[in-house]
Amino acid sequence: MFPVSMMIATTAMLSGIGGAALFTPIFLIIFPLLGPEYPLDSVAAAISVAFLTETFGFSSGFVGYYRRGLISFSSAVPFIVVGVPVAIIGAFLLLLVEPGILKGAYAGLMLVLAIIMVRHHAPTEISAGVSESSAGAADARPMRKVTGRDGKVYEFRKPRQGIASLATGFGAFLTGLLGVGIGEVVMPQLVKRNRVPIPVAAATSVFVVIVIVASASFTQIGRLIADGGASTVPWNLVMYTIPAVIIGGQIGPRL
């Protein structure tokens, strides 16, 4: 799991989506195929461990993007305000839902996200910034500017939420319940709806994800330990996944 976790974290940092989207299927599908000693105790345990691992990976990625000066903190605040309380509610419901329903919901969510990802425009098709002419004279939103450590300046209009806050709340709820969703709804909103430059959008999305995932992760792990004790957390697994995602969290921003 050490090299696998490193690759997953690198991919998550590049795309701004949650690493749990890849960790959870590995724990639920691949591990049972490897032998009777591999499967985790429950679906809830698998999702919680994926969450815990993702928290460390995105914390590392946040440091990497922060050092490069690419995070727009003011643009992240509206997503965090909506997402954190909803994600905590989803995390509380995790241990109350039947394992079969969790697996079915996760499978359905992955199919929907696959369709959404396929339909998204490639990054090269999206403008690297928003000029006054392309934005339109009627758009009164103030301009924001982010200057990277390399001196490159990114300009874009203040991202708007509006009706999209429903998508943010839904993604946060799914993140709290299933470990994936918030990154997949934040990144498209920043890039497609608000035309935020790709590097800034990915960095800002990583910041949003780490705050929301950390809130849900500690809620889930806390409940897991409270119900079954500290032995319910597979420490022999996370001792390899956590160091690996910390390394991957530094590789992604460099790429």
# chains A, B, ... in the order shown; residues from 1 in each chain; ligands from 1
call {"tool": "residues_around", "arguments": {"residues": "Pro253 (chain A)", "least_positions_apart": "3", "cutoff": "7 Å", "atoms": "only C-alpha atoms", "output": "JSON, numbers by chain"}}
result
{"A": [13, 14, 61, 64, 65, 250]}
call {"tool": "write_last_selection", "arguments": {"atoms": "N, CA and C atoms", "output": "PDB file, in the first residue's frame"}}
result
ATOM      1  N   MET A  13      -3.896  15.285  -5.604  1.00  0.00           N
ATOM      2  CA  MET A  13      -3.393  16.656  -5.546  1.00  0.00           C
ATOM      3  C   MET A  13      -3.478  17.334  -6.910  1.00  0.00           C
ATOM      4  N   LEU A  14      -3.228  16.577  -7.973  1.00  0.00           N
ATOM      5  CA  LEU A  14      -3.269  17.147  -9.325  1.00  0.00           C
ATOM      6  C   LEU A  14      -4.683  17.518  -9.744  1.00  0.00           C
ATOM      7  N   GLY A  61      -0.625  18.155   0.910  1.00  0.00           N
ATOM      8  CA  GLY A  61      -0.847  18.888  -0.329  1.00  0.00           C
ATOM      9  C   GLY A  61      -1.135  20.356  -0.084  1.00  0.00           C
ATOM     10  N   GLY A  64       2.041  22.100   0.370  1.00  0.00           N
ATOM     11  CA  GLY A  64       2.718  22.267  -0.911  1.00  0.00           C
ATOM     12  C   GLY A  64       2.138  23.412  -1.723  1.00  0.00           C
ATOM     13  N   TYR A  65       0.810  23.485  -1.819  1.00  0.00           N
ATOM     14  CA  TYR A  65       0.172  24.562  -2.581  1.00  0.00           C
ATOM     15  C   TYR A  65       0.331  25.918  -1.876  1.00  0.00           C
ATOM     16  N   GLN A 250       3.232  16.104  -1.507  1.00  0.00           N
ATOM     17  CA  GLN A 250       4.267  17.048  -1.917  1.00  0.00           C
ATOM     18  C   GLN A 250       4.597  16.915  -3.396  1.00  0.00           C
TER      19      GLN A 250
END
call {"tool": "select_by_dssp", "arguments": {"residues": "region 23-254 of chain A", "states": "strand (DSSP E or B)", "output": "MDAnalysis selection string"}}
result
chainID A and resid 143:147 153:157
call {"tool": "write_last_selection", "arguments": {"atoms": "N, CA and C atoms", "output": "mmCIF file, in the first residue's frame"}}
result
data_model
loop_
_atom_site.group_PDB
_atom_site.id
_atom_site.type_symbol
_atom_site.label_atom_id
_atom_site.label_comp_id
_atom_site.auth_asym_id
_atom_site.auth_seq_id
_atom_site.Cartn_x
_atom_site.Cartn_y
_atom_site.Cartn_z
ATOM 1 N N MET A 143 -12.781 41.726 -9.220
ATOM 2 C CA MET A 143 -11.681 40.887 -9.668
ATOM 3 C C MET A 143 -10.819 40.465 -8.476
ATOM 4 N N ARG A 144 -10.284 39.268 -8.549
ATOM 5 C CA ARG A 144 -9.340 38.785 -7.548
ATOM 6 C C ARG A 144 -8.043 38.409 -8.244
ATOM 7 N N LYS A 145 -6.963 38.529 -7.506
ATOM 8 C CA LYS A 145 -5.646 38.251 -8.078
ATOM 9 C C LYS A 145 -4.846 37.377 -7.134
ATOM 10 N N VAL A 146 -4.260 36.322 -7.685
ATOM 11 C CA VAL A 146 -3.389 35.436 -6.926
ATOM 12 C C VAL A 146 -2.029 35.419 -7.622
ATOM 13 N N THR A 147 -0.987 35.697 -6.865
ATOM 14 C CA THR A 147 0.367 35.707 -7.416
ATOM 15 C C THR A 147 1.139 34.515 -6.872
ATOM 16 N N VAL A 153 1.000 35.687 -12.337
ATOM 17 C CA VAL A 153 -0.203 36.304 -11.778
ATOM 18 C C VAL A 153 -1.445 35.691 -12.423
ATOM 19 N N TYR A 154 -2.409 35.297 -11.566
ATOM 20 C CA TYR A 154 -3.678 34.740 -12.036
ATOM 21 C C TYR A 154 -4.793 35.704 -11.620
ATOM 22 N N GLU A 155 -5.601 36.120 -12.571
ATOM 23 C CA GLU A 155 -6.712 37.026 -12.294
ATOM 24 C C GLU A 155 -8.035 36.353 -12.661
ATOM 25 N N PHE A 156 -9.026 36.543 -11.824
ATOM 26 C CA PHE A 156 -10.336 35.960 -12.056
ATOM 27 C C PHE A 156 -11.354 36.720 -11.229
ATOM 28 N N ARG A 157 -12.620 36.566 -11.581
ATOM 29 C CA ARG A 157 -13.669 37.241 -10.825
ATOM 30 C C ARG A 157 -14.031 36.441 -9.575
#
call {"tool": "closest_residue", "arguments": {"among": "A:Pro197, A:Pro85, A:Gly19, A:Gly252", "to": "Gly148 (chain A)", "atoms": "only C-alpha atoms"}}
result
A:Pro197
call {"tool": "atom_distance", "arguments": {"atom1": "CA of Leu190 (chain A)", "atom2": "CA of Phe170 (chain A)"}}
result
16.3 Å
call {"tool": "residues_around", "arguments": {"residues": "Gly171 (chain A)", "least_positions_apart": "6", "cutoff": "8 Å", "atoms": "only C-alpha atoms", "output": "PDB file with N, CA and C atoms, in the first residue's frame"}}
result
ATOM      1  N   GLY A  83     -20.119  23.476   3.647  1.00  0.00           N
ATOM      2  CA  GLY A  83     -19.739  22.065   3.652  1.00  0.00           C
ATOM      3  C   GLY A  83     -19.471  21.429   4.999  1.00  0.00           C
ATOM      4  N   VAL A 180     -16.440  10.683  -0.320  1.00  0.00           N
ATOM      5  CA  VAL A 180     -16.134  11.311  -1.596  1.00  0.00           C
ATOM      6  C   VAL A 180     -17.301  12.189  -2.006  1.00  0.00           C
ATOM      7  N   GLY A 181     -16.998  13.286  -2.706  1.00  0.00           N
ATOM      8  CA  GLY A 181     -18.074  14.134  -3.196  1.00  0.00           C
ATOM      9  C   GLY A 181     -17.741  15.615  -3.226  1.00  0.00           C
ATOM     10  N   ILE A 182     -17.106  16.128  -2.163  1.00  0.00           N
ATOM     11  CA  ILE A 182     -16.921  17.568  -2.090  1.00  0.00           C
ATOM     12  C   ILE A 182     -15.931  18.068  -3.134  1.00  0.00           C
ATOM     13  N   GLY A 183     -14.819  17.382  -3.315  1.00  0.00           N
ATOM     14  CA  GLY A 183     -13.854  17.814  -4.320  1.00  0.00           C
ATOM     15  C   GLY A 183     -14.423  17.759  -5.715  1.00  0.00           C
ATOM     16  N   GLU A 184     -15.294  16.767  -5.938  1.00  0.00           N
ATOM     17  CA  GLU A 184     -15.881  16.585  -7.259  1.00  0.00           C
ATOM     18  C   GLU A 184     -16.910  17.651  -7.606  1.00  0.00           C
ATOM     19  N   VAL A 185     -17.467  18.336  -6.610  1.00  0.00           N
ATOM     20  CA  VAL A 185     -18.423  19.413  -6.903  1.00  0.00           C
ATOM     21  C   VAL A 185     -17.772  20.796  -6.802  1.00  0.00           C
TER      22      VAL A 185
END
call {"tool": "select_by_dssp", "arguments": {"residues": "region 67-188 of chain A", "states": "helix (DSSP H, G or I)", "output": "PyMOL selection string"}}
result
chain A and resi 67+73-96+99-119+123-125+132-135+162-178+182-188
call {"tool": "write_last_selection", "arguments": {"atoms": "C-alpha atoms", "output": "PDB file, in the first residue's frame"}}
result
ATOM      1  CA  ARG A  67       4.210  27.375  -0.292  1.00  0.00           C
ATOM      2  CA  PHE A  73      -8.541  31.546   0.769  1.00  0.00           C
ATOM      3  CA  SER A  74     -11.307  34.097   0.304  1.00  0.00           C
ATOM      4  CA  SER A  75     -12.746  32.010  -2.548  1.00  0.00           C
ATOM      5  CA  ALA A  76     -12.714  28.889  -0.366  1.00  0.00           C
ATOM      6  CA  VAL A  77     -14.676  30.354   2.568  1.00  0.00           C
ATOM      7  CA  PRO A  78     -18.207  30.074   1.057  1.00  0.00           C
ATOM      8  CA  PHE A  79     -17.656  26.383   0.256  1.00  0.00           C
ATOM      9  CA  ILE A  80     -16.336  25.662   3.760  1.00  0.00           C
ATOM     10  CA  VAL A  81     -19.192  27.460   5.515  1.00  0.00           C
ATOM     11  CA  VAL A  82     -21.720  25.303   3.666  1.00  0.00           C
ATOM     12  CA  GLY A  83     -19.739  22.065   3.652  1.00  0.00           C
ATOM     13  CA  VAL A  84     -18.402  21.532   7.185  1.00  0.00           C
ATOM     14  CA  PRO A  85     -21.690  21.224   9.151  1.00  0.00           C
ATOM     15  CA  VAL A  86     -23.314  19.092   6.438  1.00  0.00           C
ATOM     16  CA  ALA A  87     -20.285  16.758   6.261  1.00  0.00           C
ATOM     17  CA  ILE A  88     -20.369  16.223  10.046  1.00  0.00           C
ATOM     18  CA  ILE A  89     -24.041  15.236   9.814  1.00  0.00           C
ATOM     19  CA  GLY A  90     -23.181  12.707   7.102  1.00  0.00           C
ATOM     20  CA  ALA A  91     -20.340  11.310   9.224  1.00  0.00           C
ATOM     21  CA  PHE A  92     -22.695  10.740  12.165  1.00  0.00           C
ATOM     22  CA  LEU A  93     -25.039   8.764   9.916  1.00  0.00           C
ATOM     23  CA  LEU A  94     -22.270   6.449   8.627  1.00  0.00           C
ATOM     24  CA  LEU A  95     -22.524   3.874  11.417  1.00  0.00           C
ATOM     25  CA  LEU A  96     -26.333   3.895  11.259  1.00  0.00           C
ATOM     26  CA  PRO A  99     -23.382  -1.989   4.851  1.00  0.00           C
ATOM     27  CA  GLY A 100     -25.239  -3.151   1.732  1.00  0.00           C
ATOM     28  CA  ILE A 101     -26.845   0.266   1.302  1.00  0.00           C
ATOM     29  CA  LEU A 102     -23.464   1.957   1.736  1.00  0.00           C
ATOM     30  CA  LYS A 103     -21.880  -0.210  -0.969  1.00  0.00           C
ATOM     31  CA  GLY A 104     -24.792   0.350  -3.342  1.00  0.00           C
ATOM     32  CA  ALA A 105     -24.788   4.100  -2.747  1.00  0.00           C
ATOM     33  CA  TYR A 106     -21.052   4.272  -3.284  1.00  0.00           C
ATOM     34  CA  ALA A 107     -21.260   2.308  -6.537  1.00  0.00           C
ATOM     35  CA  GLY A 108     -24.063   4.531  -7.803  1.00  0.00           C
ATOM     36  CA  LEU A 109     -22.140   7.664  -6.862  1.00  0.00           C
ATOM     37  CA  MET A 110     -19.044   6.463  -8.722  1.00  0.00           C
ATOM     38  CA  LEU A 111     -21.075   5.837 -11.886  1.00  0.00           C
ATOM     39  CA  VAL A 112     -22.597   9.317 -11.744  1.00  0.00           C
ATOM     40  CA  LEU A 113     -19.207  10.945 -11.106  1.00  0.00           C
ATOM     41  CA  ALA A 114     -17.683   8.993 -14.005  1.00  0.00           C
ATOM     42  CA  ILE A 115     -20.288  10.451 -16.375  1.00  0.00           C
ATOM     43  CA  ILE A 116     -19.716  13.951 -14.992  1.00  0.00           C
ATOM     44  CA  MET A 117     -15.947  13.662 -15.409  1.00  0.00           C
ATOM     45  CA  VAL A 118     -16.252  12.412 -18.995  1.00  0.00           C
ATOM     46  CA  ARG A 119     -18.527  15.324 -19.907  1.00  0.00           C
ATOM     47  CA  PRO A 123      -8.296  21.907 -18.930  1.00  0.00           C
ATOM     48  CA  THR A 124      -6.792  23.096 -22.230  1.00  0.00           C
ATOM     49  CA  GLU A 125     -10.277  24.049 -23.414  1.00  0.00           C
ATOM     50  CA  GLU A 132     -12.784  41.972 -18.898  1.00  0.00           C
ATOM     51  CA  SER A 133     -14.031  41.318 -22.433  1.00  0.00           C
ATOM     52  CA  SER A 134     -14.772  37.636 -21.903  1.00  0.00           C
ATOM     53  CA  ALA A 135     -16.456  38.241 -18.554  1.00  0.00           C
ATOM     54  CA  GLY A 162     -26.020  30.969  -5.468  1.00  0.00           C
ATOM     55  CA  ILE A 163     -27.964  27.846  -6.409  1.00  0.00           C
ATOM     56  CA  ALA A 164     -24.665  25.941  -6.621  1.00  0.00           C
ATOM     57  CA  SER A 165     -24.562  25.927  -2.809  1.00  0.00           C
ATOM     58  CA  LEU A 166     -27.048  23.039  -3.004  1.00  0.00           C
ATOM     59  CA  ALA A 167     -24.474  21.025  -4.953  1.00  0.00           C
ATOM     60  CA  THR A 168     -21.822  21.962  -2.390  1.00  0.00           C
ATOM     61  CA  GLY A 169     -24.049  20.790   0.461  1.00  0.00           C
ATOM     62  CA  PHE A 170     -24.907  17.547  -1.340  1.00  0.00           C
ATOM     63  CA  GLY A 171     -21.229  16.858  -2.061  1.00  0.00           C
ATOM     64  CA  ALA A 172     -20.315  17.569   1.562  1.00  0.00           C
ATOM     65  CA  PHE A 173     -23.040  15.226   2.825  1.00  0.00           C
ATOM     66  CA  LEU A 174     -21.821  12.430   0.544  1.00  0.00           C
ATOM     67  CA  THR A 175     -18.280  13.129   1.715  1.00  0.00           C
ATOM     68  CA  GLY A 176     -19.283  12.717   5.344  1.00  0.00           C
ATOM     69  CA  LEU A 177     -21.228   9.548   4.566  1.00  0.00           C
ATOM     70  CA  LEU A 178     -19.168   7.862   1.823  1.00  0.00           C
ATOM     71  CA  ILE A 182     -16.921  17.568  -2.090  1.00  0.00           C
ATOM     72  CA  GLY A 183     -13.854  17.814  -4.320  1.00  0.00           C
ATOM     73  CA  GLU A 184     -15.881  16.585  -7.259  1.00  0.00           C
ATOM     74  CA  VAL A 185     -18.423  19.413  -6.903  1.00  0.00           C
ATOM     75  CA  VAL A 186     -16.047  22.219  -5.856  1.00  0.00           C
ATOM     76  CA  MET A 187     -13.516  21.809  -8.658  1.00  0.00           C
ATOM     77  CA  PRO A 188     -16.080  22.000 -11.513  1.00  0.00           C
TER      78      PRO A 188
END
call {"tool": "atom_distance", "arguments": {"atom1": "CA of Leu237 (chain A)", "atom2": "CA of Ser205 (chain A)"}}
result
27.1 Å
call {"tool": "closest_residue", "arguments": {"among": "A:Val238, A:Leu70, A:Ala201, A:Ile251", "to": "Phe23 (chain A)", "atoms": "only C-alpha atoms"}}
result
A:Val238
call {"tool": "residues_around", "arguments": {"residues": "Asn194 (chain A)", "least_positions_apart": "3", "cutoff": "8 Å", "atoms": "only C-alpha atoms", "output": "VMD selection string"}}
result
chain A and resid 157 to 160 189 to 191
call {"tool": "closest_residue", "arguments": {"among": "A:Val196, A:Val206, A:Ala45, A:Pro243", "to": "Arg223 (chain A)", "atoms": "only C-alpha atoms"}}
result
A:Ala45
